[in-house]
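Pasted below: protein01.csv, CSV, C-alpha atoms.
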chain,number,residue,atom,x,y,z
Q,1,MET,CA,0.0,0.0,0.0
Q,2,ASN,CA,3.0,2.3,0.2
Q,3,ASP,CA,2.8,2.8,-3.6
Q,4,VAL,CA,-0.9,2.3,-4.2
Q,5,LEU,CA,-0.9,4.8,-7.1
Q,6,GLY,CA,2.1,3.1,-8.8
Q,7,TYR,CA,4.2,6.2,-9.4
Q,8,GLN,CA,7.2,5.4,-7.2
Q,9,GLY,CA,10.4,5.9,-9.2
Q,10,LYS,CA,8.4,6.4,-12.5
Q,11,GLN,CA,9.3,9.1,-15.0
Q,12,VAL,CA,6.5,11.4,-15.8
Q,13,VAL,CA,6.1,14.6,-18.0
Q,14,ILE,CA,3.7,17.4,-17.1
Q,15,THR,CA,3.0,20.7,-18.8
Q,16,GLY,CA,1.6,23.8,-17.0
Q,17,ALA,CA,3.3,22.9,-13.8
Q,18,ALA,CA,4.0,26.5,-12.7
Q,19,SER,CA,0.6,27.2,-11.4
Q,20,GLY,CA,-3.0,26.1,-10.8
Q,21,MET,CA,-4.1,22.5,-11.5
Q,22,GLY,CA,-0.7,21.7,-13.1
Q,23,ALA,CA,1.2,22.8,-10.0
Q,24,ALA,CA,-1.1,20.8,-7.7
Q,25,ALA,CA,-0.7,17.7,-9.9
Q,26,ALA,CA,3.1,18.1,-10.1
Q,27,GLN,CA,3.3,18.5,-6.3
Q,28,LEU,CA,1.3,15.4,-5.7
Q,29,LEU,CA,3.4,13.4,-8.2
Q,30,VAL,CA,6.5,14.5,-6.4
Q,31,ASP,CA,4.9,13.5,-3.1
Q,32,VAL,CA,4.1,10.0,-4.3
Q,33,GLY,CA,7.7,9.4,-5.5
Q,34,ALA,CA,7.5,10.1,-9.3
Q,35,GLU,CA,10.5,11.6,-11.2
Q,36,VAL,CA,8.8,14.7,-12.6
Q,37,HIS,CA,9.9,16.5,-15.7
Q,38,ALA,CA,7.9,19.8,-15.9
Q,39,LEU,CA,7.3,22.1,-18.9
Q,40,ASP,CA,6.1,25.7,-18.5
Q,41,ILE,CA,6.8,29.1,-19.8
Q,42,SER,CA,6.9,30.4,-16.2
Q,43,ASP,CA,9.1,29.4,-13.3
Q,44,VAL,CA,8.2,26.1,-11.7
Q,45,THR,CA,8.5,26.2,-7.9
Q,46,VAL,CA,7.5,22.6,-7.2
Q,47,PRO,CA,10.7,20.6,-6.5
Q,48,VAL,CA,10.6,18.6,-9.7
Q,49,LYS,CA,13.4,16.5,-11.2
Q,50,LYS,CA,13.8,18.9,-14.1
Q,51,ALA,CA,12.0,22.1,-15.2
Q,52,ILE,CA,12.1,23.1,-18.9
Q,53,LYS,CA,11.1,26.6,-20.0
Q,54,THR,CA,8.6,25.9,-22.9
Q,55,ASP,CA,6.3,28.0,-25.0
Q,56,MET,CA,3.6,25.6,-26.0
Q,57,LYS,CA,2.5,27.7,-29.0
Q,58,ASP,CA,6.0,27.7,-30.5
Q,59,GLN,CA,7.2,24.5,-32.3
Q,60,ALA,CA,10.9,25.2,-31.8
Q,61,SER,CA,10.4,25.6,-28.1
Q,62,VAL,CA,8.4,22.4,-27.8
Q,63,ASP,CA,10.9,20.5,-30.0
Q,64,ALA,CA,13.7,21.7,-27.7
Q,65,ALA,CA,11.8,20.5,-24.7
Q,66,ILE,CA,11.1,17.1,-26.3
Q,67,ALA,CA,14.8,16.7,-26.9
Q,68,GLN,CA,15.5,17.1,-23.1
Q,69,LEU,CA,12.8,14.6,-22.0
Q,70,PRO,CA,13.5,10.9,-21.1
Q,71,GLY,CA,13.4,8.3,-23.9
Q,72,GLU,CA,10.9,6.3,-21.9
Q,73,ILE,CA,8.2,7.6,-19.6
Q,74,TYR,CA,5.3,6.2,-17.6
Q,75,ALA,CA,2.8,9.0,-18.0
Q,76,LEU,CA,2.1,12.4,-19.6
Q,77,PHE,CA,0.0,15.1,-18.1
Q,78,ASN,CA,-1.3,17.9,-20.4
Q,79,CYS,CA,-2.1,20.8,-18.0
Q,80,ALA,CA,-1.0,23.9,-19.8
Q,81,GLY,CA,-3.8,26.3,-20.8
Q,82,VAL,CA,-4.8,29.9,-21.2
Q,83,PRO,CA,-8.2,31.7,-21.3
Q,84,HIS,CA,-9.7,33.7,-24.1
Q,85,PRO,CA,-9.8,36.6,-23.5
Q,86,PRO,CA,-7.2,38.0,-22.5
Q,87,PHE,CA,-5.2,35.7,-24.8
Q,88,SER,CA,-6.0,36.0,-28.5
Q,89,ALA,CA,-8.1,33.4,-30.2
Q,90,MET,CA,-5.1,32.1,-32.1
Q,91,ASP,CA,-2.8,31.8,-29.1
Q,92,THR,CA,-5.5,30.1,-27.1
Q,93,VAL,CA,-6.0,27.3,-29.6
Q,94,MET,CA,-2.3,27.0,-30.3
Q,95,ILE,CA,-1.4,26.7,-26.6
Q,96,ASN,CA,-4.4,24.7,-25.4
Q,97,TRP,CA,-4.6,22.3,-28.2
Q,98,VAL,CA,-2.0,22.4,-31.0
Q,99,GLY,CA,1.0,22.4,-28.7
Q,100,ALA,CA,-0.5,19.8,-26.4
Q,101,ARG,CA,-1.3,17.5,-29.4
Q,102,TYR,CA,2.2,18.0,-30.8
Q,103,LEU,CA,3.8,17.0,-27.5
Q,104,THR,CA,1.4,14.1,-27.0
Q,105,ASP,CA,2.1,12.7,-30.4
Q,106,ALA,CA,5.8,12.9,-29.7
Q,107,MET,CA,5.5,11.3,-26.3
Q,108,ILE,CA,3.2,8.4,-27.2
Q,109,PRO,CA,6.0,6.2,-28.5
Q,110,ARG,CA,7.9,6.7,-25.3
Q,111,ILE,CA,5.0,5.6,-23.0
Q,112,GLY,CA,5.4,2.0,-21.9
Q,113,LYS,CA,2.8,-0.7,-21.3
Q,114,GLY,CA,0.5,0.2,-18.5
Q,115,GLY,CA,1.3,4.0,-18.8
Q,116,GLY,CA,-1.1,6.7,-19.6
Q,117,ILE,CA,-2.0,10.2,-20.8
Q,118,ALA,CA,-4.2,12.5,-18.7
Q,119,SER,CA,-5.2,15.9,-20.0
Q,120,ILE,CA,-7.2,18.9,-18.8
Q,121,ALA,CA,-10.2,19.7,-21.0
Q,122,SER,CA,-13.1,21.8,-19.5
Q,123,THR,CA,-16.9,21.8,-19.0
Q,124,ALA,CA,-16.6,24.6,-21.7
Q,125,GLY,CA,-15.8,21.8,-24.2
Q,126,MET,CA,-18.6,19.4,-23.2
Q,127,GLY,CA,-20.7,20.5,-26.2
Q,128,TRP,CA,-18.3,18.7,-28.6
Q,129,LYS,CA,-21.0,16.4,-30.0
Q,130,SER,CA,-22.8,19.3,-31.8
Q,131,ASN,CA,-19.5,20.4,-33.3
Q,132,LEU,CA,-18.0,17.0,-34.0
Q,133,ASP,CA,-17.5,17.4,-37.8
Q,134,LEU,CA,-15.6,20.6,-37.5
Q,135,VAL,CA,-13.5,19.3,-34.7
Q,136,LYS,CA,-12.6,16.2,-36.6
Q,137,GLU,CA,-11.7,18.3,-39.6
Q,138,PHE,CA,-9.2,20.2,-37.5
Q,139,LEU,CA,-7.9,17.1,-35.8
Q,140,ALA,CA,-6.9,15.8,-39.3
Q,141,VAL,CA,-4.5,18.8,-39.5
Q,142,THR,CA,-1.1,18.2,-37.9
Q,143,GLY,CA,1.8,20.6,-37.3
Q,144,PHE,CA,2.0,24.1,-36.1
Q,145,ALA,CA,2.1,26.0,-39.4
Q,146,GLU,CA,-0.7,23.8,-40.9
Q,147,SER,CA,-2.8,24.4,-37.8
Q,148,ARG,CA,-2.3,28.2,-37.9
Q,149,ALA,CA,-3.3,28.2,-41.6
Q,150,TRP,CA,-6.5,26.1,-40.9
Q,151,LEU,CA,-7.5,28.4,-38.0
Q,152,GLU,CA,-6.9,31.5,-40.2
Q,153,ALA,CA,-9.2,30.0,-42.8
Q,154,HIS,CA,-11.9,29.0,-40.3
Q,155,PRO,CA,-12.6,32.1,-38.2
Q,156,ASP,CA,-16.0,30.7,-37.2
Q,157,LEU,CA,-15.4,27.7,-34.9
Q,158,ASN,CA,-19.1,27.4,-33.9
Q,159,VAL,CA,-18.0,28.1,-30.3
Q,160,ASP,CA,-15.6,30.4,-28.6
Q,161,PRO,CA,-11.9,29.6,-29.2
Q,162,TYR,CA,-11.3,28.3,-25.6
Q,163,GLY,CA,-14.3,26.0,-25.9
Q,164,PHE,CA,-13.1,24.8,-29.3
Q,165,SER,CA,-9.7,24.0,-27.9
Q,166,LYS,CA,-11.2,21.9,-25.2
Q,167,GLN,CA,-13.6,20.2,-27.6
Q,168,CYS,CA,-10.5,19.1,-29.5
Q,169,MET,CA,-9.0,17.7,-26.4
Q,170,VAL,CA,-12.1,15.7,-25.6
Q,171,VAL,CA,-12.5,14.3,-29.1
Q,172,TYR,CA,-8.8,13.5,-29.5
Q,173,THR,CA,-8.9,11.6,-26.2
Q,174,MET,CA,-11.7,9.4,-27.4
Q,175,MET,CA,-10.4,8.9,-30.9
Q,176,GLN,CA,-7.0,7.8,-29.6
Q,177,ALA,CA,-8.3,5.3,-27.0
Q,178,GLY,CA,-8.7,2.3,-29.3
Q,179,GLU,CA,-5.3,2.5,-31.0
Q,180,LEU,CA,-3.5,3.1,-27.7
Q,181,ALA,CA,-5.3,0.1,-26.1
Q,182,LYS,CA,-3.5,-2.2,-28.6
Q,183,ARG,CA,-0.3,-1.2,-26.7
Q,184,GLU,CA,-2.0,-1.2,-23.3
Q,185,VAL,CA,-1.6,2.6,-22.9
Q,186,ARG,CA,-4.5,4.6,-21.6
Q,187,ILE,CA,-5.7,8.1,-22.4
Q,188,ASN,CA,-8.2,10.1,-20.5
Q,189,CYS,CA,-9.1,13.7,-19.7
Q,190,ILE,CA,-11.0,15.7,-17.1
Q,191,SER,CA,-13.5,18.5,-17.6
Q,192,PRO,CA,-13.2,20.8,-14.6
Q,193,SER,CA,-15.8,23.3,-13.5
Q,194,PRO,CA,-14.5,26.8,-12.5
Q,195,THR,CA,-11.4,26.6,-10.4
Q,196,ALA,CA,-9.6,29.2,-8.2
Q,197,THR,CA,-6.4,29.5,-10.2
Q,198,ALA,CA,-4.2,32.2,-11.8
Q,199,PHE,CA,-6.1,31.2,-15.0
Q,200,MET,CA,-9.3,32.2,-13.4
Q,201,ASP,CA,-7.7,35.5,-12.2
Q,202,GLN,CA,-6.8,36.3,-15.8
Q,203,LEU,CA,-10.3,35.5,-17.0
Q,204,THR,CA,-12.0,37.6,-14.4
Q,205,LYS,CA,-10.0,40.6,-15.6
Q,206,GLU,CA,-12.3,40.4,-18.6
Q,207,PHE,CA,-15.5,39.1,-16.9
Q,208,ASP,CA,-17.1,39.7,-13.6
Q,209,ARG,CA,-16.1,36.9,-11.1
Q,210,ASP,CA,-19.6,36.7,-9.7
Q,211,ALA,CA,-21.1,36.3,-13.2
Q,212,LEU,CA,-18.9,33.2,-13.6
Q,213,LYS,CA,-20.5,31.6,-10.6
Q,214,VAL,CA,-23.5,30.6,-12.7
Q,215,PHE,CA,-21.2,27.9,-14.1
Q,216,CYS,CA,-20.4,26.6,-10.6
Q,217,PRO,CA,-22.0,23.4,-9.2
Q,218,SER,CA,-24.6,23.6,-6.5
Q,219,ASN,CA,-22.0,23.7,-3.7
Q,220,GLY,CA,-21.7,27.3,-4.8
Q,221,ARG,CA,-17.9,27.6,-5.0
Q,222,PHE,CA,-15.0,27.4,-7.3
Q,223,ALA,CA,-12.9,24.3,-6.9
Q,224,ASP,CA,-9.5,24.3,-5.3
Q,225,PRO,CA,-6.6,23.4,-7.8
Q,226,ALA,CA,-5.8,20.3,-5.8
Q,227,GLU,CA,-9.4,19.1,-6.3
Q,228,MET,CA,-8.6,18.9,-10.0
Q,229,GLY,CA,-4.9,17.8,-9.7
Q,230,GLU,CA,-5.9,14.8,-7.7
Q,231,PRO,CA,-8.3,13.1,-10.1
Q,232,LEU,CA,-5.9,13.9,-12.9
Q,233,VAL,CA,-3.1,12.0,-11.1
Q,234,LEU,CA,-5.6,9.2,-10.3
Q,235,LEU,CA,-6.5,8.7,-14.0
Q,236,ASN,CA,-2.8,8.0,-14.9
Q,237,SER,CA,-2.3,5.8,-11.8
Q,238,LYS,CA,-2.5,2.0,-11.6
Q,239,LEU,CA,-5.8,2.4,-9.7
Q,240,ALA,CA,-7.3,3.3,-13.1
Q,241,SER,CA,-5.5,0.6,-15.0
Q,242,PHE,CA,-8.6,-0.4,-17.1
Q,243,VAL,CA,-9.9,3.2,-17.6
Q,244,SER,CA,-9.4,4.8,-21.0
Q,245,GLY,CA,-11.2,7.0,-23.5
Q,246,VAL,CA,-13.0,8.8,-20.6
Q,247,ASN,CA,-13.8,12.5,-20.4
Q,248,LEU,CA,-14.5,12.8,-16.7
Q,249,PRO,CA,-16.5,15.8,-15.5
Q,250,VAL,CA,-14.9,17.0,-12.3
Q,251,ASP,CA,-17.6,19.5,-11.4
Q,252,PHE,CA,-19.4,18.3,-8.2
Q,253,GLY,CA,-22.5,17.3,-10.3
Q,254,TYR,CA,-22.8,20.4,-12.5
Q,255,CYS,CA,-23.1,18.4,-15.8
Q,256,ALA,CA,-25.4,15.9,-14.1
Q,257,GLU,CA,-27.7,18.8,-13.1
Q,258,VAL,CA,-27.7,20.0,-16.7
Q,259,TRP,CA,-28.3,16.6,-18.2
Q,260,MET,CA,-31.2,16.0,-15.7
Q,261,GLN,CA,-32.7,19.4,-16.8
Q,262,GLN,CA,-32.3,20.8,-13.3
Q,263,ARG,CA,-30.5,23.9,-14.5
Q,264,ASP,CA,-30.0,25.8,-17.8
Q,265,ASN,CA,-27.7,24.3,-20.3
Q,266,LEU,CA,-25.5,27.4,-20.7
Q,267,LEU,CA,-22.5,25.6,-22.0
Q,268,GLY,CA,-24.2,23.3,-24.5
Q,269,VAL,CA,-23.2,20.2,-22.6
Represent the structure contained in this file as structure tokens.
Amino acid sequence: MNDVLGYQGKQVVITGAASGMGAAAAQLLVDVGAEVHALDISDVTVPVKKAIKTDMKDQASVDAAIAQLPGEIYALFNCAGVPHPPFSAMDTVMINWVGARYLTDAMIPRIGKGGGIASIASTAGMGWKSNLDLVKEFLAVTGFAESRAWLEAHPDLNVDPYGFSKQCMVVYTMMQAGELAKREVRINCISPSPTATAFMDQLTKEFDRDALKVFCPSNGRFADPAEMGEPLVLLNSKLASFVSGVNLPVDFGYCAEVWMQQRDNLLGV
């Protein structure tokens, strides 16, 4: 029971480890004995094995980070993300999705049997079914330059750029599950409700914080970053060894209330 999660001595990679959910997940991974390699454009204060300055919207920066990562890893955590606004529509999708997908595709061959990928999506991306054709069209595009060109040619994403980036994460997770299962590698994501992070602080410079509470669950509060980091770590652990292709709402029942028509479907979930 000393290593019930199965991370002791395992090499893991995590993006967005400087703050918020990513920092909470990184700290937990350190606490349970993982060798953590962290990527972030900001300074990482968690005592990880290695911190690499990385701009997730820049291919050269991501390539440089990939070159410094171990040749074999147990798990990848995609936690880097920015809100729109204040970030531009292009930067939001490039950071939240294109950079994450590029890194993930590069890391998949390095993940051994029993390992996994866990990513942060969002309740803002839970309406992916109604936008599936456009999302799948974009997922067929690979590479930074190609993705930028596609986005420039498709200014109407049928949803806000942040929501679109998270729809991409959800759909990619599900689409990859079958192929990765052949190698006994898992892939999952979580869809958090509003969480008290620096990300939320940036978002509330543009929107009133109280107005965002309409998207909170019935417990009436924003989640703590650790309340998202913990299920993220759980999904890549050996306790979830037969769980894959799952988009897990971590929202204290918000989506359940919407699906049961107990509250308005403001996010199209």
Residues of stretch 91-209 of chain Q that approach stretch 15-23 of chain Q to 12 Å or less, counting only C-alpha atoms: could you list each one with the shortest pair of atoms and its distance in Å to one decimal, rows by chain and increasing residue number, as CSV?
residue,atom,partner,partner_atom,distance
Q:Ile95,CA,Q:Gly16,CA,10.5
Q:Asn96,CA,Q:Gly16,CA,10.4
Q:Gly99,CA,Q:Thr15,CA,10.2
Q:Ala100,CA,Q:Thr15,CA,8.4
Q:Arg101,CA,Q:Thr15,CA,11.9
Q:Leu103,CA,Q:Thr15,CA,9.5
Q:Thr104,CA,Q:Thr15,CA,10.6
Q:Ile117,CA,Q:Thr15,CA,11.8
Q:Ala118,CA,Q:Thr15,CA,10.9
Q:Ser119,CA,Q:Thr15,CA,9.6
Q:Ile120,CA,Q:Met21,CA,8.7
Q:Ala121,CA,Q:Met21,CA,11.6
Q:Ile190,CA,Q:Met21,CA,11.2
Q:Ser191,CA,Q:Met21,CA,11.9
Q:Pro192,CA,Q:Met21,CA,9.8
Q:Ser193,CA,Q:Met21,CA,11.9
Q:Pro194,CA,Q:Met21,CA,11.3
Q:Thr195,CA,Q:Gly20,CA,8.4
Q:Ala196,CA,Q:Gly20,CA,7.7
Q:Thr197,CA,Q:Gly20,CA,4.8
Q:Ala198,CA,Q:Gly20,CA,6.3
Q:Phe199,CA,Q:Gly20,CA,7.3
Q:Met200,CA,Q:Gly20,CA,9.1
Q:Asp201,CA,Q:Gly20,CA,10.6
Q:Gln202,CA,Q:Gly20,CA,12.0
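Closest to Q:Pro231 among Q:Ala25, Q:Ile14, Q:Ala75, Q:Ile111 is Q:Ala25, based on only C-alpha atoms.
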- To one decimal place, how far is atom CA of Q:Lys10 from atom CA of Q:Asp105 in Å?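 Result for atom CA of Q:Lys10 versus atom CA of Q:Asp105: 20.0 Å, one decimal.
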- Item | Spatial sel., origin (-9.0, 6.8, -30.8), limit 12 Å, all atoms listed in the file, listed as a PyMOL selection string | chain Q and resi 136+139+169-182+185-188+244-246
- What is the atom CA of Q:Thr45-atom CA of Q:Val32 distance in Å, reported with one decimal? 17.2 Å
- By how many Å are atom CA of Q:Asp58 and atom CA of Q:Gly127 apart? 28.0 Å
Can you complete the atoms of stretch 115-141 of chain Q to N, CA, C and O atoms and list them as a PDB file, keeping the file's coordinate frame?
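Produced file selection_12.pdb, reproduced below:
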ATOM      1  N   GLY Q 115       1.201   2.509 -19.009  1.00  0.00           N
ATOM      2  CA  GLY Q 115       1.300   4.000 -18.800  1.00  0.00           C
ATOM      3  C   GLY Q 115       0.032   4.666 -19.308  1.00  0.00           C
ATOM      4  O   GLY Q 115      -0.926   4.047 -19.785  1.00  0.00           O
ATOM      5  N   GLY Q 116       0.064   5.993 -19.239  1.00  0.00           N
ATOM      6  CA  GLY Q 116      -1.100   6.700 -19.600  1.00  0.00           C
ATOM      7  C   GLY Q 116      -0.895   8.182 -19.939  1.00  0.00           C
ATOM      8  O   GLY Q 116       0.169   8.748 -19.674  1.00  0.00           O
ATOM      9  N   ILE Q 117      -1.930   8.787 -20.481  1.00  0.00           N
ATOM     10  CA  ILE Q 117      -2.000  10.200 -20.800  1.00  0.00           C
ATOM     11  C   ILE Q 117      -3.239  10.763 -20.120  1.00  0.00           C
ATOM     12  O   ILE Q 117      -4.325  10.192 -20.264  1.00  0.00           O
ATOM     13  N   ALA Q 118      -3.086  11.847 -19.390  1.00  0.00           N
ATOM     14  CA  ALA Q 118      -4.200  12.500 -18.700  1.00  0.00           C
ATOM     15  C   ALA Q 118      -4.149  13.994 -19.047  1.00  0.00           C
ATOM     16  O   ALA Q 118      -3.103  14.614 -18.830  1.00  0.00           O
ATOM     17  N   SER Q 119      -5.233  14.554 -19.546  1.00  0.00           N
ATOM     18  CA  SER Q 119      -5.200  15.900 -20.000  1.00  0.00           C
ATOM     19  C   SER Q 119      -6.365  16.720 -19.338  1.00  0.00           C
ATOM     20  O   SER Q 119      -7.371  16.138 -18.906  1.00  0.00           O
ATOM     21  N   ILE Q 120      -6.193  18.033 -19.303  1.00  0.00           N
ATOM     22  CA  ILE Q 120      -7.200  18.900 -18.800  1.00  0.00           C
ATOM     23  C   ILE Q 120      -8.051  19.460 -19.945  1.00  0.00           C
ATOM     24  O   ILE Q 120      -7.523  20.188 -20.791  1.00  0.00           O
ATOM     25  N   ALA Q 121      -9.299  19.084 -20.023  1.00  0.00           N
ATOM     26  CA  ALA Q 121     -10.200  19.700 -21.000  1.00  0.00           C
ATOM     27  C   ALA Q 121     -11.022  20.749 -20.175  1.00  0.00           C
ATOM     28  O   ALA Q 121     -10.428  21.527 -19.431  1.00  0.00           O
ATOM     29  N   SER Q 122     -12.332  20.777 -20.284  1.00  0.00           N
ATOM     30  CA  SER Q 122     -13.100  21.800 -19.500  1.00  0.00           C
ATOM     31  C   SER Q 122     -14.607  21.483 -19.769  1.00  0.00           C
ATOM     32  O   SER Q 122     -14.993  20.938 -20.817  1.00  0.00           O
ATOM     33  N   THR Q 123     -15.414  21.887 -18.811  1.00  0.00           N
ATOM     34  CA  THR Q 123     -16.900  21.800 -19.000  1.00  0.00           C
ATOM     35  C   THR Q 123     -17.231  22.715 -20.233  1.00  0.00           C
ATOM     36  O   THR Q 123     -18.252  22.485 -20.891  1.00  0.00           O
ATOM     37  N   ALA Q 124     -16.395  23.717 -20.555  1.00  0.00           N
ATOM     38  CA  ALA Q 124     -16.600  24.600 -21.700  1.00  0.00           C
ATOM     39  C   ALA Q 124     -16.524  23.816 -23.019  1.00  0.00           C
ATOM     40  O   ALA Q 124     -16.982  24.293 -24.060  1.00  0.00           O
ATOM     41  N   GLY Q 125     -15.917  22.623 -22.985  1.00  0.00           N
ATOM     42  CA  GLY Q 125     -15.800  21.800 -24.200  1.00  0.00           C
ATOM     43  C   GLY Q 125     -16.752  20.650 -24.239  1.00  0.00           C
ATOM     44  O   GLY Q 125     -16.663  19.806 -25.144  1.00  0.00           O
ATOM     45  N   MET Q 126     -17.685  20.592 -23.288  1.00  0.00           N
ATOM     46  CA  MET Q 126     -18.600  19.400 -23.200  1.00  0.00           C
ATOM     47  C   MET Q 126     -19.618  19.398 -24.321  1.00  0.00           C
ATOM     48  O   MET Q 126     -20.290  18.390 -24.509  1.00  0.00           O
ATOM     49  N   GLY Q 127     -19.725  20.478 -25.096  1.00  0.00           N
ATOM     50  CA  GLY Q 127     -20.700  20.500 -26.200  1.00  0.00           C
ATOM     51  C   GLY Q 127     -20.067  19.981 -27.510  1.00  0.00           C
ATOM     52  O   GLY Q 127     -20.541  20.325 -28.606  1.00  0.00           O
ATOM     53  N   TRP Q 128     -19.068  19.125 -27.418  1.00  0.00           N
ATOM     54  CA  TRP Q 128     -18.300  18.700 -28.600  1.00  0.00           C
ATOM     55  C   TRP Q 128     -19.203  17.891 -29.595  1.00  0.00           C
ATOM     56  O   TRP Q 128     -18.947  17.920 -30.804  1.00  0.00           O
ATOM     57  N   LYS Q 129     -20.232  17.216 -29.136  1.00  0.00           N
ATOM     58  CA  LYS Q 129     -21.000  16.400 -30.000  1.00  0.00           C
ATOM     59  C   LYS Q 129     -21.679  17.255 -31.148  1.00  0.00           C
ATOM     60  O   LYS Q 129     -21.765  16.823 -32.303  1.00  0.00           O
ATOM     61  N   SER Q 130     -22.130  18.443 -30.799  1.00  0.00           N
ATOM     62  CA  SER Q 130     -22.800  19.300 -31.800  1.00  0.00           C
ATOM     63  C   SER Q 130     -21.803  19.939 -32.747  1.00  0.00           C
ATOM     64  O   SER Q 130     -22.211  20.534 -33.754  1.00  0.00           O
ATOM     65  N   ASN Q 131     -20.517  19.819 -32.475  1.00  0.00           N
ATOM     66  CA  ASN Q 131     -19.500  20.400 -33.300  1.00  0.00           C
ATOM     67  C   ASN Q 131     -18.489  19.409 -33.812  1.00  0.00           C
ATOM     68  O   ASN Q 131     -17.378  19.752 -34.242  1.00  0.00           O
ATOM     69  N   LEU Q 132     -18.894  18.138 -33.793  1.00  0.00           N
ATOM     70  CA  LEU Q 132     -18.000  17.000 -34.000  1.00  0.00           C
ATOM     71  C   LEU Q 132     -17.322  17.083 -35.424  1.00  0.00           C
ATOM     72  O   LEU Q 132     -16.121  16.832 -35.574  1.00  0.00           O
ATOM     73  N   ASP Q 133     -18.094  17.394 -36.452  1.00  0.00           N
ATOM     74  CA  ASP Q 133     -17.500  17.400 -37.800  1.00  0.00           C
ATOM     75  C   ASP Q 133     -16.414  18.394 -37.953  1.00  0.00           C
ATOM     76  O   ASP Q 133     -15.361  18.083 -38.535  1.00  0.00           O
ATOM     77  N   LEU Q 134     -16.608  19.609 -37.420  1.00  0.00           N
ATOM     78  CA  LEU Q 134     -15.600  20.600 -37.500  1.00  0.00           C
ATOM     79  C   LEU Q 134     -14.360  20.272 -36.685  1.00  0.00           C
ATOM     80  O   LEU Q 134     -13.214  20.459 -37.119  1.00  0.00           O
ATOM     81  N   VAL Q 135     -14.593  19.749 -35.510  1.00  0.00           N
ATOM     82  CA  VAL Q 135     -13.500  19.300 -34.700  1.00  0.00           C
ATOM     83  C   VAL Q 135     -12.657  18.251 -35.342  1.00  0.00           C
ATOM     84  O   VAL Q 135     -11.420  18.316 -35.383  1.00  0.00           O
ATOM     85  N   LYS Q 136     -13.325  17.265 -35.907  1.00  0.00           N
ATOM     86  CA  LYS Q 136     -12.600  16.200 -36.600  1.00  0.00           C
ATOM     87  C   LYS Q 136     -11.847  16.681 -37.810  1.00  0.00           C
ATOM     88  O   LYS Q 136     -10.752  16.185 -38.125  1.00  0.00           O
ATOM     89  N   GLU Q 137     -12.414  17.668 -38.490  1.00  0.00           N
ATOM     90  CA  GLU Q 137     -11.700  18.300 -39.600  1.00  0.00           C
ATOM     91  C   GLU Q 137     -10.394  18.891 -39.149  1.00  0.00           C
ATOM     92  O   GLU Q 137      -9.340  18.721 -39.784  1.00  0.00           O
ATOM     93  N   PHE Q 138     -10.446  19.597 -38.022  1.00  0.00           N
ATOM     94  CA  PHE Q 138      -9.200  20.200 -37.500  1.00  0.00           C
ATOM     95  C   PHE Q 138      -8.251  19.188 -36.967  1.00  0.00           C
ATOM     96  O   PHE Q 138      -7.035  19.336 -37.128  1.00  0.00           O
ATOM     97  N   LEU Q 139      -8.754  18.135 -36.357  1.00  0.00           N
ATOM     98  CA  LEU Q 139      -7.900  17.100 -35.800  1.00  0.00           C
ATOM     99  C   LEU Q 139      -7.109  16.379 -36.947  1.00  0.00           C
ATOM    100  O   LEU Q 139      -6.055  15.785 -36.693  1.00  0.00           O
ATOM    101  N   ALA Q 140      -7.635  16.431 -38.154  1.00  0.00           N
ATOM    102  CA  ALA Q 140      -6.900  15.800 -39.300  1.00  0.00           C
ATOM    103  C   ALA Q 140      -5.736  16.640 -39.722  1.00  0.00           C
ATOM    104  O   ALA Q 140      -4.903  16.167 -40.499  1.00  0.00           O
ATOM    105  N   VAL Q 141      -5.648  17.871 -39.204  1.00  0.00           N
ATOM    106  CA  VAL Q 141      -4.500  18.800 -39.500  1.00  0.00           C
ATOM    107  C   VAL Q 141      -3.450  18.557 -38.459  1.00  0.00           C
ATOM    108  O   VAL Q 141      -3.734  18.560 -37.263  1.00  0.00           O
TER     109      VAL Q 141
END
